[in-house]
Each structure stands twice: as structure tokens, then as C-alpha cells.
file start_32.txt (compact mmCIF, C-alpha atoms and all ligand atoms)
# COMPACT_ATOMS: atom_id res chain seq x y z
CA MET A 1 19.83 6.20 -4.59
CA ALA A 2 19.14 2.75 -3.19
CA ILE A 3 15.74 1.10 -2.94
CA GLU A 4 15.42 -0.04 0.69
CA ARG A 5 12.85 -1.56 2.98
CA THR A 6 12.16 -0.49 6.55
CA LEU A 7 9.96 -1.61 9.42
CA SER A 8 7.31 0.82 10.53
CA MET A 9 4.92 0.53 13.48
CA ILE A 10 1.84 2.60 14.21
CA LYS A 11 1.71 2.52 18.01
CA PRO A 12 -1.28 1.86 20.30
CA ASP A 13 -2.00 5.57 20.91
CA ALA A 14 -2.40 6.34 17.20
CA VAL A 15 -4.39 3.16 16.46
CA ALA A 16 -6.77 3.83 19.38
CA ALA A 17 -7.25 7.43 18.20
CA GLY A 18 -8.28 6.22 14.73
CA ASN A 19 -5.25 7.70 13.00
CA ALA A 20 -3.81 4.54 11.41
CA GLY A 21 -5.38 5.18 8.00
CA ALA A 22 -4.19 8.79 7.88
CA ILE A 23 -0.68 7.72 8.87
CA LEU A 24 -0.54 5.04 6.16
CA GLN A 25 -1.64 7.73 3.70
CA HIS A 26 1.31 9.91 4.80
CA PHE A 27 3.68 7.08 3.92
CA GLU A 28 2.15 6.57 0.46
CA ASP A 29 2.03 10.32 -0.19
CA ASN A 30 5.79 10.44 0.52
CA GLY A 31 6.77 7.70 -1.91
CA LEU A 32 6.85 4.81 0.56
CA ARG A 33 5.09 1.72 -0.80
CA VAL A 34 3.42 -0.65 1.67
CA VAL A 35 4.77 -4.12 0.87
CA ALA A 36 3.28 -5.80 3.97
CA CYS A 37 0.92 -4.71 6.75
CA ARG A 38 -0.69 -6.40 9.73
CA LYS A 39 -2.63 -5.39 12.82
CA THR A 40 -1.67 -7.24 15.98
CA GLN A 41 -1.37 -6.77 19.73
CA LEU A 42 2.07 -7.33 21.18
CA THR A 43 2.45 -9.58 24.21
CA GLN A 44 4.72 -8.41 27.01
CA ALA A 45 7.38 -10.90 25.87
CA GLN A 46 7.17 -9.65 22.27
CA ALA A 47 7.42 -5.97 23.31
CA GLU A 48 10.37 -6.73 25.61
CA ALA A 49 12.12 -8.61 22.80
CA PHE A 50 11.43 -5.96 20.15
CA TYR A 51 12.83 -3.21 22.39
CA ALA A 52 15.56 -5.34 24.03
CA VAL A 53 18.17 -2.76 22.97
CA HIS A 54 16.53 -0.36 25.48
CA ALA A 55 16.43 -2.84 28.41
CA GLY A 56 17.89 -1.10 31.43
CA ARG A 57 16.96 2.41 30.25
CA PRO A 58 14.73 4.23 32.75
CA PHE A 59 11.80 4.32 30.32
CA TYR A 60 11.93 0.62 29.33
CA GLY A 61 9.12 -0.58 31.62
CA GLU A 62 6.87 2.31 30.60
CA LEU A 63 7.66 1.63 26.92
CA VAL A 64 6.77 -2.07 27.18
CA GLU A 65 3.56 -1.28 29.09
CA PHE A 66 2.52 1.28 26.48
CA MET A 67 3.34 -0.93 23.50
CA THR A 68 1.11 -3.73 24.88
CA GLU A 69 -1.89 -1.58 25.86
CA GLY A 70 -3.70 -2.06 22.54
CA PRO A 71 -3.29 -3.09 18.91
CA ILE A 72 -0.52 -1.80 16.68
CA PHE A 73 -0.07 -1.81 12.91
CA ALA A 74 3.23 -3.20 11.69
CA GLN A 75 4.18 -2.52 8.10
CA VAL A 76 7.11 -2.88 5.76
CA LEU A 77 7.69 0.21 3.63
CA GLU A 78 9.78 0.30 0.47
CA GLY A 79 11.26 3.22 -1.41
CA GLU A 80 14.40 5.20 -2.16
CA ASN A 81 16.46 5.45 1.05
CA ALA A 82 13.38 4.15 2.88
CA VAL A 83 15.00 4.05 6.34
CA LYS A 84 15.78 7.78 6.32
CA ALA A 85 12.72 8.73 4.24
CA HIS A 86 10.44 7.05 6.79
CA ARG A 87 12.22 8.71 9.73
CA ASP A 88 11.85 12.08 8.02
CA VAL A 89 8.10 11.51 7.55
CA MET A 90 7.77 10.48 11.23
CA GLY A 91 9.66 13.49 12.59
CA ALA A 92 11.74 13.72 15.78
CA THR A 93 11.19 11.11 18.52
CA ASN A 94 9.91 13.81 20.86
CA PRO A 95 6.88 15.51 19.26
CA LYS A 96 7.96 18.79 20.88
CA ASP A 97 10.95 18.74 18.52
CA ALA A 98 9.12 17.38 15.46
CA ALA A 99 8.82 19.55 12.34
CA ASP A 100 5.45 20.78 11.13
CA GLY A 101 3.62 18.27 8.94
CA THR A 102 5.40 15.23 10.37
CA ILE A 103 3.42 12.34 11.83
CA ARG A 104 4.66 12.92 15.37
CA LYS A 105 3.90 16.65 15.19
CA LEU A 106 0.40 15.88 13.95
CA TYR A 107 -0.51 12.82 16.03
CA ALA A 108 1.87 12.26 18.99
CA GLU A 109 1.38 13.59 22.51
CA SER A 110 4.73 12.87 24.20
CA ILE A 111 8.12 11.19 23.76
CA GLY A 112 6.68 8.02 25.27
CA ARG A 113 3.34 8.03 23.43
CA ASN A 114 4.78 9.06 20.09
CA ALA A 115 2.47 7.44 17.51
CA CYS A 116 5.00 5.53 15.43
CA HIS A 117 8.29 3.66 15.28
CA GLY A 118 10.75 3.24 12.46
CA SER A 119 13.93 1.23 12.03
CA ASP A 120 17.08 3.32 12.55
CA SER A 121 19.35 1.51 10.06
CA ALA A 122 19.15 -0.94 7.17
CA GLU A 123 20.69 -3.62 9.41
CA ASN A 124 18.06 -3.14 12.11
CA ALA A 125 15.33 -2.94 9.47
CA ALA A 126 16.14 -6.48 8.32
CA ILE A 127 15.96 -7.73 11.93
CA GLU A 128 12.74 -5.85 12.70
CA ILE A 129 11.05 -6.92 9.43
CA ALA A 130 11.80 -10.57 10.28
CA PHE A 131 10.27 -10.00 13.74
CA PHE A 132 6.83 -9.50 12.16
CA PHE A 133 6.88 -10.98 8.67
CA ALA A 134 7.93 -14.02 6.66
CA ALA A 135 9.62 -13.41 3.32
CA SER A 136 6.46 -14.66 1.58
CA ASP A 137 4.45 -11.81 3.20
CA LEU A 138 6.47 -9.13 1.39
CA LEU A 139 4.57 -8.28 -1.78
P1 LIG B 201 10.87 4.42 19.15
O1 LIG B 201 11.29 5.01 17.87
O2 LIG B 201 9.77 3.43 19.14
O3 LIG B 201 12.14 3.76 19.87
C1 LIG B 201 12.26 3.63 21.25
C2 LIG B 201 11.19 4.36 21.99
O4 LIG B 201 11.47 4.63 23.33
C3 LIG B 201 11.00 5.72 21.37
O5 LIG B 201 10.41 5.61 20.12
C4 LIG B 201 10.18 6.42 22.43
O6 LIG B 201 8.81 6.17 22.29
C5 LIG B 201 10.68 5.75 23.68
N1 LIG B 201 11.51 6.68 24.43
C6 LIG B 201 12.70 7.17 24.10
N2 LIG B 201 13.13 8.03 25.05
C7 LIG B 201 12.17 8.07 25.99
C8 LIG B 201 12.02 8.77 27.20
N3 LIG B 201 12.97 9.61 27.64
N4 LIG B 201 10.90 8.57 27.92
C9 LIG B 201 9.94 7.72 27.49
N5 LIG B 201 10.03 7.02 26.32
C10 LIG B 201 11.13 7.21 25.59
call {"tool": "encode", "arguments": {"input": "start_32.txt", "output": "C-alpha cells"}}
result
Amino acid sequence: MAIERTLSMIKPDAVAAGNAGAILQHFEDNGLRVVACRKTQLTQAQAEAFYAVHAGRPFYGELVEFMTEGPIFAQVLEGENAVKAHRDVMGATNPKDAADGTIRKLYAESIGRNACHGSDSAENAAIEIAFFFAASDLL
């Protein structure tokens, strides 16, 4: 088993609802250590850049608008197979398909407003971590 790091975001819906603390607790309860964390509000340019891979998809505009509507928490999580472990804790992208006890089942309302984001590969994790954090922030 490899120790990995992944980029996690608590999205504006979950922050506004006061669920950020509970979600961070889920990560720690599932063996994911928080090695960096910051609260920030994405600009339109930042949200467009972060989700550039989805540019051209029908939901892209809606996604950028949602991700800029209020503050988010960005965090780097570390643990064994952290990319997959984090995605398992989050549950399926669409909360209708998410397993009981997962963050999206508990806190998300729709596929668009789905409470959290996680890197989908170790390669993308490195890119997404660098989007928010300097190496000296990772403790
Ligand atoms: P996330 O893991 O942040 O990665 C891309 C996001 O696009 C995804 O979560 C969803 O919030 C959003 N998304 C994916 N598919 C759709 C869709 N069909 N309609 C609206 N938003 C979507």
C-alpha cells in the first residue's frame, strides 16, 4: 500500500450549510490526515482554470457559477491510497447513487451541488495540490 496525497475541496453548498467541520472529521475518521487546509473564495478565472478539463461540457457554466458563489475549503489529505480512499469517503458524484454514510449521501443535494471534490488520479492530485498550495504549506 502506498502513502499518497490528494486534493480535496469542500464546496460552497457544504461550507454555507455549516458542514465543513463534520466533513473534515469524516476524513480524519477514515485515516486521511490533513496536511494543509485553507478557506478561500474562487474567482471566476480560478474556477474556470481548475475545471478546465470540463470546458465545453453542458454543465461547465453552471459548475463555475456554483463554485464561485461562496467560500470553499481546500485541503490536502494524506494516507494509504489516499486518492481512492478519499473518493470512497465522498461517495458517487451524484448523491442519488452515493452509498449510505458517504459525504455526498449525507450532505449533497444534487450532482451539481455535491458538497465536495476529490482528485481522480495521483497525477491530477499533484496538479490540483499545486493549484492551491506551495510545498512549504504541506505539513
Ligand atoms: P467534481 O468531482 O467536482 O468534478 C466535476 C464536477 O462537475 C462534479 O464534481 C459535479 O459537481 C459536476 N458535474 C458533473 N456532471 C454534472 C452534470 N451532469 N450536471 C451538473 N454538474 C455536473
call {"tool": "residues_around", "arguments": {"input": "start_32.txt", "residues": "A:Thr43", "least_positions_apart": "2", "cutoff": "12 Å", "atoms": "only C-alpha atoms", "output": "list in words"}}
result
Thr40, Gln41, Ala45, Gln46, Ala47, Glu48, Ala49, Phe50, Val64, Glu65, Phe66, Met67, Thr68, Glu69, Gly70, Pro71 and Ile72 of chain A
call {"tool": "atom_distance", "arguments": {"input": "start_32.txt", "atom1": "atom CA of A:Ala82", "atom2": "atom CA of A:Ala55"}}
result
26.6 Å
call {"tool": "atom_distance", "arguments": {"input": "start_32.txt", "atom1": "atom CA of A:Tyr107", "atom2": "atom CA of A:Leu139"}}
result
28.1 Å
call {"tool": "closest_residue", "arguments": {"input": "start_32.txt", "among": "A:Ser136, A:Asn94, A:Asn114, A:Asn81", "to": "A:Glu4", "atoms": "all atoms listed in the file"}}
result
A:Asn81
call {"tool": "residues_around", "arguments": {"input": "start_32.txt", "residues": "A:Ala22", "least_positions_apart": "4", "cutoff": "12 Å", "atoms": "only C-alpha atoms", "output": "ChimeraX atom specification"}}
result
/A:10,14-15,17-18,26-29,102-103,106-107,115
call {"tool": "atom_distance", "arguments": {"input": "start_32.txt", "atom1": "atom CA of A:Gly61", "atom2": "atom CA of A:Thr93"}}
result
17.7 Å
call {"tool": "closest_atom_pairs", "arguments": {"input": "start_32.txt", "of": "chain A", "to": "ligand LIG 201 (chain B)", "cutoff": "7 Å", "atoms": "all atoms listed in the file", "output": "CSV"}}
result
residue,atom,partner,partner_atom,distance
A:Tyr51,CA,B:LIG201,C1,7.0
A:Phe59,CA,B:LIG201,C9,4.8
A:Glu62,CA,B:LIG201,C9,7.0
A:Leu63,CA,B:LIG201,N5,5.9
A:Thr93,CA,B:LIG201,O5,5.8
A:Ile111,CA,B:LIG201,N5,5.3
A:Gly112,CA,B:LIG201,N5,3.7
A:Arg113,CA,B:LIG201,O6,5.9
A:Asn114,CA,B:LIG201,O6,5.4
A:Cys116,CA,B:LIG201,O2,6.4
A:His117,CA,B:LIG201,O2,4.1
A:Gly118,CA,B:LIG201,O1,5.7
call {"tool": "write_last_selection", "arguments": {"input": "start_32.txt", "atoms": "C-alpha atoms", "output": "PDB file, in the frame of the given file"}}
result
ATOM      1  CA  TYR A  51      12.830  -3.210  22.390  1.00  0.00           C
ATOM      2  CA  PHE A  59      11.800   4.320  30.320  1.00  0.00           C
ATOM      3  CA  GLU A  62       6.870   2.310  30.600  1.00  0.00           C
ATOM      4  CA  LEU A  63       7.660   1.630  26.920  1.00  0.00           C
ATOM      5  CA  THR A  93      11.190  11.110  18.520  1.00  0.00           C
ATOM      6  CA  ILE A 111       8.120  11.190  23.760  1.00  0.00           C
ATOM      7  CA  GLY A 112       6.680   8.020  25.270  1.00  0.00           C
ATOM      8  CA  ARG A 113       3.340   8.030  23.430  1.00  0.00           C
ATOM      9  CA  ASN A 114       4.780   9.060  20.090  1.00  0.00           C
ATOM     10  CA  CYS A 116       5.000   5.530  15.430  1.00  0.00           C
ATOM     11  CA  HIS A 117       8.290   3.660  15.280  1.00  0.00           C
ATOM     12  CA  GLY A 118      10.750   3.240  12.460  1.00  0.00           C
TER      13      GLY A 118
END
call {"tool": "closest_residue", "arguments": {"input": "start_32.txt", "among": "A:Asp88, A:Glu128, A:Asp137, A:Glu123", "to": "A:Ala52", "atoms": "all atoms listed in the file"}}
result
A:Glu128
call {"tool": "closest_residue", "arguments": {"input": "start_32.txt", "among": "A:Ala122, A:Ala108, A:Ala85, A:Ala135", "to": "A:Asn30", "atoms": "only C-alpha atoms"}}
result
A:Ala85
call {"tool": "closest_residue", "arguments": {"input": "start_32.txt", "among": "A:Ala74, A:Ile129, A:Val35, A:Ala98", "to": "A:Met9", "atoms": "only C-alpha atoms"}}
result
A:Ala74
call {"tool": "residues_around", "arguments": {"input": "start_32.txt", "residues": "A:Leu32", "least_positions_apart": "4", "cutoff": "12 Å", "atoms": "only C-alpha atoms", "output": "PyMOL selection string"}}
result
chain A and resi 3-8+23-28+36+75-89
call {"tool": "axis_aligned_box", "arguments": {"input": "start_32.txt", "around": "stretch 65-77 of chain A", "padding_each_side": "8 Å", "output": "AutoDock Vina command-line options"}}
result
--center_x 2.0 --center_y -1.2 --center_z 16.4 --size_x 27.4 --size_y 21.0 --size_z 41.5
